[in-house]
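Participant: Once you've had a glance at the structure underneath, I'll fire off some questions.
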Amino acid sequence: MSEVDPKDFAAYAEGADAWFRENVVRDPGFMLPLTFMEVGTDRQFDFLRDWQNRVYEAGYLGAAWPKAYGGGGLPQAFQNEANRAMRRHHGPIMLNAIGLNWTGPLLLDLGSEAHRQKHLKGILSAEDIWCQGFSEPENGSDLGNAQTRAVRDGDDYVVNGSKIWTTLGRFAKYMILLARTDTTAPKKYDGLSFILTPMTVPGVETVPIRKLTGEHGFTQTFFTDARIPAEGLVGVEGGGWKVAMRTLEYERGARGGQAGGHVAMGTNAFDVVNLASRMSRAGAPLLEDPLMADRMIEFMMEIQSLALCSQRTQVPALIADRPSGIPLSSKLMSTEMTRRLNAFAIRLTGQSGAYYVDEPGAVDNGIWARAYLNSFSATIGGGTSQIQANIVGEHVLGLPKS
Amino acid sequence: MTIDMRDLGRIGFTEDQATLLDLATDFCLRRSPISTVRRLMEDEMGHDPAIWQEMGELGWLGVAIPEAFGGSGLSLAEVVPLVEQMGRRLMAGPFVSTTLAAQAILVAGTEDQRRTVLPRIAEGVPASLALAEAEGNWDLEAVTCLAKAAGPGRLTLSGTKVLVGDAHVAQWFVVSVLYEGHPALVLVPASALPDGAMRREGIIDETRRAFRLCLDGVDLPDSALMDPALAQTGLRHLHLAGNLLGAAEMVGGTQACVDYTIDYLKTRTQFGKLIGSYQAVKHPTVEAYVAYEQARSHLYSAAHCFAEQGTGEIATRMAKAQADAAYSFAADRAIQFHGGFGFTWDCDAQLYRRGAIWHAAQYGDGAYHKRKLVSLLF
């Protein structure tokens with residue numbers, strides 16, 4: 001990337017700040033999802049798709065992706081600045097997370113020129129929503145054992161099987177599919193292929209799954225003799241495991257190149273401090289209870305730890321001993337912290353913790369309970385915390401495989 | 001809430017910090033192998049004067065001393081990587097005591113004291129602090145030892161100080177006292193201590209030396225009194241600086257402790273498998289490792305922000321609290337995961353665990369700092 005003119009950068013930063021200040025709608029009159037995994041209604045979907053499109057058109061999404069594919073062709077620092085402005089002004093989430101954060105950087109990295117030409121712009125504009133077909137009902141953490149079959153027939157693969165936990169499944173136009181093209185490979189990993197799959201062809205059916213929150217978030221996807229064009233193959237046939245692993249690095253934030261924006265509102269320690277400061281027990285402010293105050297401080301320290309660790313990765317001399325340690329553990333640490341923090345927030349509400357969303361007695365309309373229950377999507381999805389701990393133990397610390 | 005996360009601290013790292021980190025990593029690794037640590041534990045002196053002299057020659061004692069007083073004019077942020085690496089190698093010696101004594105003189109000493117003592121310290125003459133008393137109050141202003149006027153131009157001291165680090169080699173002591181009803185600091189040369197004023201204490205961390213110091217009958221010229229107007233500032237600074245450097249030693253120790261445990265988990269076999277392959281052992285080890293990374297992030301945030309009003313105190317207290325949690329957990333699990341060997345004197349896990357306990361007891365443990373953070377943040 002060419003040199004950045006500081007004047008250009010300052011103008012861009014100023015423009016982004018002004019644009020988000022002016023254009024963010026914090027309350028559209030209905031509850032917006034806190035993460036891309038919680039988009040349940042058409043109203044939420046339409047609102048967020050329009051929002052992403054406007055952010056892109058304004059130049060604050062995909063700013064660092066190449067111009068040839070619809071990006072802004074600017075240095076990453078520009079997009080980072082736009083991301084900060086988006087957060088600063090509490091912009092709603094970017095809807096097309098799997099496209100923006102996983103598929104997009106993956107195609108820039110390992111995709112063919114045709115893949116990039118065909119898909120990247122639609123990912124940025126939110127015209128093409130993407131979903132992911134990795135997990136199966138019988139193969140969750142054991143992804144390498146995926147059994148959905150893809151059999152080559154002329155220019156197509158004929159796909160049969162089922163994928164589960166398909167976030168945005170009922171809205172998606174494309175799926176990144178991990179399917180078994182060879183059942184005879186001596187190693188199970190070598191029989192897998194990674195295919196960009198249209199969701200709108202005959203034989204692809206999605207069925208909503210009702211989540212523990214009561215909402216309809218994601219789907220199960222069924223393939224019945226679906227003919228999927230072979231041009232969607234990424235890498236080589238039988239090389240899907242490596243592509244999937246690379247995708248997971250993008251998903252877990254262990255590798256950069258994402259289009260930008262946030263796909264989850266994140267839990268801000270100060271929101272919880274604010275909650276605590278509104279609560280009282282037996283007539284006294286809750287934070288005068290030393291035990292509650294101690295727990296609250298611990299959470300603030302922990303959230304601060306995550307922010308500082310992320311900053312530390314920018315200082316090579318301070319991560320020299322184990323450079324992959326912080327990136328490979330960040331998913332584990334942040335998702336587990338969020339889960340515990342939301343559980344703590346429910347405790348803060350005392351007796352009102354008995355109420356759920358939309359009941360007048362529920363504190364903050366029950367958002368803490370819903371956030372806690374939804375937080376498991378992140379501690380389970382994308383590799384459970386237990387799998388993440390194995391990854392850190394084995395890949396960072398060099399401990400023997402379990 | 002008017003505060004935002006940036007007010008809690010942030011990472012910054014200077015060229016000087018990077019250079020000193022490199023130097024210290026190498027120096028401490030070479031000069032303080034575990035065999036040396038164990039030999040010095042049995043030695044009455046407790047450290048190697050030749051290595052101390054080498055540190056003086058490297059200019060490490062003067063890192064945070066202004067150039068006008070013979071130092072290199074950097075700050076405690078640059079001392080942190082040195083102390084971190086010393087903690088990592090359990091390196092013995094009066095480095096932290098001396099550095100903190102210099103800080104006290106710099107912040108709260110008289111001009112004459114700065115001019116006469118700081119250049120000597122920068123050359124490598126050891127000094128120490130006598131702050132703690134038997135009551136065990138981590139609030140340094142809660143002092144009972146006394147300094148009283150004793151005739152024209154003279155002071156006498158009374159009372160007893162405890163846990164005075166490296167008193168056997170210190171040539172000066174910064175001593176906290178009550179003077180005319182207020183906390184004050186006095187700079188006491190070792191030569192002013194009567195025979196028998198010092199007794200070595202039995203402490204949990206045997207790589208260190210600490211002493212009980214009886215001040216009764218210590219007679220001084222009143223020029224020994226440090227600037228009374230700066231006593232409060234000085235004590236406050238010492239409290240935070242003590243915690244910053246304590247956290248640095250702890251973070252270094254935590255890293256070594258995690259590494260030591262990992263080495264064992266990769267070599268010890270039970271039931272035909274390396275014990276590191278068992279998730280009941282692997283996952284808590286990952287937890288210890290991540291807590292270490294978090295503690296190190298807090299440490300370098302505190303180092304970077306130390307001089308900032310408000311943020312410096314918050315970041316330092318967080319760093320010490322996080323280091324306490326991380327070191328205690330890592331070292332506790334290190335003993336457990338070494339099994340029967342972990343229960344023996346020869347396993348180094350006990351050295352780390354004892355070090356963690358020592359540091360928790362110095363300048364406030366995690367619970368104490370979290371309580372202070374409650375008043376700072378809520």
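Ligands are numbered from 1 in the order shown, chains are lettered A, B, ... in the order of the structure tokens, and residues start at 1 in each chain.
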As a PDB file with C-alpha atoms, in the first residue's frame, please: the residues near Asn160 in chain A (cut-off 6 Å, only C-alpha atoms, same-chain neighbours under 2 positions excluded).
Facilitator:
ATOM      1  CA  THR A 148     -22.476 -34.182   3.990  1.00  0.00           C
ATOM      2  CA  ARG A 149     -21.717 -35.711   0.576  1.00  0.00           C
ATOM      3  CA  PHE A 223     -29.503 -30.793   0.940  1.00  0.00           C
ATOM      4  CA  THR A 224     -31.436 -33.263  -1.219  1.00  0.00           C
ATOM      5  CA  ASP A 225     -29.755 -33.962  -4.571  1.00  0.00           C
TER       6      ASP A 225
END
Participant: I need the contact residues of chain A against chain B, so if you could list those with any atom within 6 Å, counting only C-alpha atoms, and return them as a PyMOL selection string, that would help.
Facilitator: chain A and resi 305+308-309+389+393+399-402
Participant: For CA of Ala345 in chain A and CA of Asp289 in chain A, determine how far apart the two atoms are, in Å to one decimal place.
Facilitator: 14.8 Å
Participant: Pick out the residues sitting within 6 Å of Ala230 in chain A, and hand them over as a list in words; count only C-alpha atoms, and ignore anything fewer than 6 positions along from it in its own chain.
Facilitator: Asp155, Asp156 and Tyr157 of chain A
Participant: Quick one: residues within 6 Å of Cys145 in chain B, only C-alpha atoms counted, chain neighbours fewer than 4 positions away excluded, as a list in words?
Facilitator: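 Using only C-alpha atoms, the neighbours found are Ser158, Gly159 and Val177 of chain B.
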Participant: Quick one: residues within 8 Å of Pro198 in chain A, only C-alpha atoms, excluding same-chain residues fewer than 4 positions away - as a CSV table (one decimal) with C-alpha atoms, in the first residue's frame?
Facilitator:
chain,number,residue,atom,x,y,z
A,173,LYS,CA,-28.0,-16.4,-0.8
A,174,TYR,CA,-24.7,-18.3,-0.4
A,175,MET,CA,-23.1,-20.7,1.9
A,228,ILE,CA,-24.1,-27.0,-6.8
Participant: Among range 56-228 of chain B, which residues does DSSP mark as helix (DSSP H, G or I) when it is run on the backbone? Keep the chain and numbering as in the structure and answer as a ChimeraX atom specification.
Facilitator: /B:56-57,60-62,67-69,76-88,95-108,111-123,190-192,222-224,228
Participant: Do a neighbour search on range 72-78 of chain B at 7 Å with only C-alpha atoms, toss out local chain neighbours closer than 2 positions, and write the hits as a PyMOL selection string.
Facilitator: chain B and resi 16-17+62-67+70+80-81+303-304
Participant: Limited to C-alpha atoms, could you put the picked residues into a file as a PDB file, in the first residue's frame?
Facilitator:
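Written file, part-v9.pdb:
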ATOM      1  CA  ASP B  16      14.493   2.437  25.776  1.00  0.00           C
ATOM      2  CA  GLN B  17      12.093  -0.060  27.326  1.00  0.00           C
ATOM      3  CA  GLY B  62      20.415   5.047  37.800  1.00  0.00           C
ATOM      4  CA  VAL B  63      17.803   4.328  35.138  1.00  0.00           C
ATOM      5  CA  ALA B  64      15.111   6.364  36.873  1.00  0.00           C
ATOM      6  CA  ILE B  65      17.486   8.918  38.409  1.00  0.00           C
ATOM      7  CA  PRO B  66      17.816  12.272  36.606  1.00  0.00           C
ATOM      8  CA  GLU B  67      21.021  12.960  34.706  1.00  0.00           C
ATOM      9  CA  GLY B  70      24.238  10.843  37.880  1.00  0.00           C
ATOM     10  CA  VAL B  80       9.867  -2.306  34.840  1.00  0.00           C
ATOM     11  CA  PRO B  81      11.381  -4.591  32.164  1.00  0.00           C
ATOM     12  CA  ALA B 303       4.370   1.189  33.413  1.00  0.00           C
ATOM     13  CA  HIS B 304       3.334   3.378  30.503  1.00  0.00           C
TER      14      HIS B 304
END
Participant: Please list as a list in words every residue within 12 Å of Leu23 in chain B, counting only C-alpha atoms and excluding residues in the same chain fewer than 6 positions away.
Facilitator: Asp16, Gln17, Leu29, Arg30, Arg31, Met55, Leu58, Gly59, Trp60, Glu78, Val79, Pro81, Leu82, Val83, Glu84, Gln85 and Met86 of chain B
Participant: With distances taken over only C-alpha atoms, which residue among A:Lys188, A:Arg87, A:Arg21, A:Lys121 lies nearest Tyr56 in chain A?
Facilitator: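 Selected residue with least distance to Tyr56 in chain A: A:Lys121.
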Participant: When you draw a straight line from CA of Gln232 in chain B to CA of Val174 in chain B, how long is it in Å?
Facilitator: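 The value is 13.7 Å.
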Participant: Give me, please, the distance in Å between CA of Met265 in chain A and CA of Asn342 in chain A, quoted to one decimal.
Facilitator: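 CA of Asn342 in chain A lies 13.2 Å from CA of Met265 in chain A.
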